[in-house]
Amino acid sequence: MKKIILALVVVVSAISCNSVKEYDKQYINDPDMKLSARSSERYETTFQVYREAASGANGGKTGGGCGCN
Amino acid sequence: MLGFSQVKDSTEVTYKKRVLESIEVDFLMSYYKQNGIHSAVSGGIGSEKLTDLTSNIVVAMPLNDDDVLTIDAGISAYTSASSSNINPFNASGASGGGGDDDRAATGPTGTPWQASSGASAQDVYASVVANYSHSSDDRTLVWNADVAFSNEYDYTSIGFGGGIAKLFNDKNSEVSFKVNAFLDQWRPIYPTELHEYASYGSGFQSNGYFTGVTILDQNGNSSTAYLPSAYKNWESTNRNSYSASFGFSQVATKKMQFSVFFDVLSQSGMLSTPYQRVYFADKANYYIGEANYIPVYATSQNQGVYQLADDIERLPGTRFKIPVGARLNYYLNERISLRSYYRYYWDDWGVTSHTASIELPVKLSDKFTIYPSYRFYTQGKAKYFAPFETHLSTEKYYTSDYDLSTFNANQYGLGIGYTDIFTNAKIWKFGLKNIDLRFSHYDRNDGLNANIVSFGIKFVEQ
């Protein structure tokens, strides 16, 4: 596990040194490239939180509401 | 891009693009339908039929160049066979004069395999969230604060939180941190038979609902021996949830970016659901209804008898969760992108899970995109879970809620999006920006399946 974390840190650090200029971000700025769930996915996330024991780490809601139906 | 090019990276700002140019309004709605055979209200067997219709309106308003206020208001109405069986007895029933009462005309009957006529068969959930965000002049620092409120018949939630995000490395890197707290309150409703026991004590069989009602033993004979002595109502009914989320995102190449998330969540208070029954293997069984269905009680052939609970689920008063997730998106070509997500989850109730999903948006034209998706989920059970009639009364914590069991789930989805960057179609002073329609089918290997249709439409002020 420690080796995996170390490898991730090295990779992330190496990539972080990269700098893509604003004028080169036409692909990155494509709406399908957003690093978040689509707004129409919010209801799917809600029922998954209800029907599954896991939640969080998806940018969604992590509390509130009983989730009991 | 033009806007960005006009912003200098130093604090000497000559022009700044508004964070949000004009008011944006999103209308969202979904229709959800599920079925299954492991109702938690009936102790792990019975119908899980449920339908839910939800809609939200999200309005984002620029207050000035830097600040945005977003209001998200929603309402959800559901019908549920499972929760209808909090009071499972048709043509009868009682829960102490509450809304579930439906006084006896004939002998009461019920079954875990069908919805009863109880008032708890449906409910309405309403919510509102207000979020305020502020961006620095150079757009490399964003902070936000939010408040949330939601209410349903037996549950109220108040939440608040805030976060901060910092962009650096020519806006190729971002770190973020946010915290949230939800202070929730149950107004618990209990299974009818346990409610009566709590109300009248050991004399409950000659008072309230049970007056004149015949209770059957396992052989179908009349009996007065039913006594759920382990049962008591919850005294403290609050539930608090606290979370801290850390995020890091990075533009890796011209065509690839990724993010990683790490959450820490802590819950305390009444984490059990007060109307989910538990039946102990070491306690005798008692029923109300038609004796001829007792031999087939745990099958869908049971059309007329309901087993009286030994207790409700009892779960620890604290829960600590750690989910770790990552997203990676890759722009394959001008038609196809790849969106992927993975999450590992651990909590101190013994649950571990893996979630992986992939989506392939395909641009059909400059206006239409289809996006097929697949999601796989697997989890190991909580240490307090056991199926129907297998817990022992000597255990401290117990539940037969299959949402906490071991299972795998597959979800298949297909969406279609329409985008009009010129917002040519107009309603009043708002132009149509995009429409999203999405369908997903969800299959759990314990017999639960669900379908959901989601629809979203966004307008921008002209």
# chains A, B, ... in the order shown; residues from 1 in each chain; ligands from 1

call {"tool": "select_by_dssp", "arguments": {"residues": "segment 64-267 of chain B", "states": "strand (DSSP E or B)", "output": "PyMOL selection string"}}
result
chain B and resi 67-80+90+109+122-135+141-152+155-168+173-186+216+222+238-253+256-267

call {"tool": "residues_around", "arguments": {"residues": "Glu44 of chain A", "least_positions_apart": "6", "cutoff": "10 Å", "atoms": "only C-alpha atoms", "output": "ChimeraX atom specification"}}
result
/A:50 /B:30,32,438-440,442,451-454

call {"tool": "closest_residue", "arguments": {"among": "B:Glu235, B:Glu21, B:Asp436, B:Asp311", "to": "chain A", "atoms": "only C-alpha atoms"}}
result
B:Asp436

call {"tool": "residues_around", "arguments": {"residues": "Ala309 of chain B", "least_positions_apart": "2", "cutoff": "8 Å", "atoms": "only C-alpha atoms", "output": "JSON, numbers by chain"}}
result
{"B": [191, 193, 194, 228, 277, 278, 279, 307, 311, 312]}

call {"tool": "atom_distance", "arguments": {"atom1": "atom CA of Gly417 of chain B", "atom2": "atom CA of Ser55 of chain B"}}
result
18.6 Å

call {"tool": "atom_distance", "arguments": {"atom1": "atom CA of Tyr402 of chain B", "atom2": "atom CA of Tyr242 of chain B"}}
result
24.9 Å

call {"tool": "residues_around", "arguments": {"residues": "Phe258 of chain B", "least_positions_apart": "3", "cutoff": "6 Å", "atoms": "only C-alpha atoms", "output": "ChimeraX atom specification"}}
result
/B:249-250,327-328

call {"tool": "residues_around", "arguments": {"residues": "Ala130 of chain B", "least_positions_apart": "5", "cutoff": "12 Å", "atoms": "only C-alpha atoms", "output": "JSON, numbers by chain"}}
result
{"B": [57, 58, 59, 60, 61, 68, 69, 70, 71, 72, 73, 74, 144, 145, 146, 147, 148, 149, 150, 158, 159, 160, 161, 162]}

call {"tool": "write_last_selection", "arguments": {"atoms": "N, CA and C atoms", "output": "compact mmCIF listing (two decimals), in the first residue's frame"}}
result
# COMPACT_ATOMS: atom_id res chain seq x y z
N ILE B 57 -35.50 22.95 -9.02
CA ILE B 57 -35.19 24.13 -9.80
C ILE B 57 -33.93 24.74 -9.18
N VAL B 58 -32.95 25.01 -10.03
CA VAL B 58 -31.68 25.55 -9.55
C VAL B 58 -31.46 26.89 -10.26
N VAL B 59 -31.37 27.95 -9.47
CA VAL B 59 -31.18 29.29 -10.03
C VAL B 59 -29.83 29.83 -9.57
N ALA B 60 -28.96 30.14 -10.52
CA ALA B 60 -27.65 30.73 -10.21
C ALA B 60 -27.66 32.19 -10.64
N MET B 61 -27.38 33.09 -9.69
CA MET B 61 -27.49 34.53 -9.96
C MET B 61 -26.15 35.20 -9.70
N VAL B 68 -21.51 34.77 -6.71
CA VAL B 68 -22.66 34.06 -7.28
C VAL B 68 -23.48 33.46 -6.14
N LEU B 69 -24.78 33.67 -6.22
CA LEU B 69 -25.70 33.04 -5.27
C LEU B 69 -26.50 31.98 -6.03
N THR B 70 -26.51 30.77 -5.49
CA THR B 70 -27.25 29.68 -6.13
C THR B 70 -28.29 29.14 -5.16
N ILE B 71 -29.52 29.07 -5.63
CA ILE B 71 -30.61 28.51 -4.83
C ILE B 71 -31.09 27.24 -5.52
N ASP B 72 -31.16 26.15 -4.76
CA ASP B 72 -31.59 24.85 -5.29
C ASP B 72 -32.77 24.38 -4.44
N ALA B 73 -33.96 24.38 -5.03
CA ALA B 73 -35.16 23.96 -4.30
C ALA B 73 -35.76 22.74 -4.97
N GLY B 74 -36.17 21.78 -4.17
CA GLY B 74 -36.68 20.54 -4.76
C GLY B 74 -37.81 19.95 -3.95
N ASN B 144 -16.66 29.31 -0.72
CA ASN B 144 -18.12 29.26 -0.76
C ASN B 144 -18.66 28.88 0.61
N ALA B 145 -19.91 29.23 0.84
CA ALA B 145 -20.61 28.83 2.06
C ALA B 145 -22.02 28.42 1.67
N ASP B 146 -22.57 27.42 2.35
CA ASP B 146 -23.93 26.99 2.01
C ASP B 146 -24.72 26.64 3.25
N VAL B 147 -26.03 26.77 3.11
CA VAL B 147 -26.96 26.30 4.14
C VAL B 147 -28.00 25.43 3.45
N ALA B 148 -28.50 24.42 4.17
CA ALA B 148 -29.45 23.48 3.57
C ALA B 148 -30.54 23.13 4.58
N PHE B 149 -31.73 22.89 4.05
CA PHE B 149 -32.84 22.46 4.90
C PHE B 149 -33.66 21.45 4.12
N SER B 150 -34.06 20.37 4.79
CA SER B 150 -34.97 19.43 4.14
C SER B 150 -35.93 18.87 5.19
N ILE B 158 -31.06 19.95 8.92
CA ILE B 158 -30.50 21.29 8.74
C ILE B 158 -29.00 21.13 8.52
N GLY B 159 -28.49 21.75 7.46
CA GLY B 159 -27.07 21.58 7.17
C GLY B 159 -26.40 22.90 6.84
N PHE B 160 -25.13 22.96 7.07
CA PHE B 160 -24.35 24.13 6.65
C PHE B 160 -22.92 23.70 6.40
N GLY B 161 -22.24 24.49 5.60
CA GLY B 161 -20.87 24.12 5.29
C GLY B 161 -20.16 25.22 4.51
N GLY B 162 -18.93 24.93 4.17
CA GLY B 162 -18.15 25.88 3.41
C GLY B 162 -16.91 25.22 2.84

call {"tool": "residues_around", "arguments": {"residues": "Ala37 of chain A", "least_positions_apart": "5", "cutoff": "12 Å", "atoms": "only C-alpha atoms", "output": "VMD selection string"}}
result
(chain A and resid 31 to 32 42 to 45 57 to 60) or (chain B and resid 326 to 329 339 to 341 357 to 359)

call {"tool": "atom_distance", "arguments": {"atom1": "atom CA of Ser76 of chain B", "atom2": "atom CA of Phe455 of chain B"}}
result
14.4 Å

call {"tool": "residues_around", "arguments": {"residues": "Ala121 of chain B", "least_positions_apart": "3", "cutoff": "9 Å", "atoms": "only C-alpha atoms", "output": "NGL selection string"}}
result
:B and (78-86 or 115-118)

call {"tool": "select_by_dssp", "arguments": {"residues": "segment 201-312 of chain B", "states": "helix (DSSP H, G or I)", "output": "list in words"}}
result
Gly201, Ser202, Gly203, Phe204, Gln205, Ser206, Gly208, Tyr209, Phe210, Ala291, Asn292, Tyr293, Ile294, Pro295 and Val296 of chain B

call {"tool": "write_last_selection", "arguments": {"atoms": "C-alpha atoms", "output": "tab-separated table (two decimals), in the first residue's frame"}}
result
chain	number	residue	atom	x	y	z
B	201	GLY	CA	-46.87	-2.39	28.39
B	202	SER	CA	-47.54	-6.05	29.25
B	203	GLY	CA	-51.32	-5.47	29.08
B	204	PHE	CA	-51.15	-4.39	25.44
B	205	GLN	CA	-53.06	-7.41	24.15
B	206	SER	CA	-56.23	-6.23	25.82
B	208	GLY	CA	-55.66	-0.36	21.91
B	209	TYR	CA	-55.23	-2.10	18.60
B	210	PHE	CA	-54.97	-5.61	19.99
B	291	ALA	CA	-53.30	-19.18	9.38
B	292	ASN	CA	-53.16	-21.08	6.08
B	293	TYR	CA	-50.45	-18.71	4.80
B	294	ILE	CA	-48.05	-19.30	7.72
B	295	PRO	CA	-46.26	-22.28	6.04
B	296	VAL	CA	-45.49	-20.08	3.00
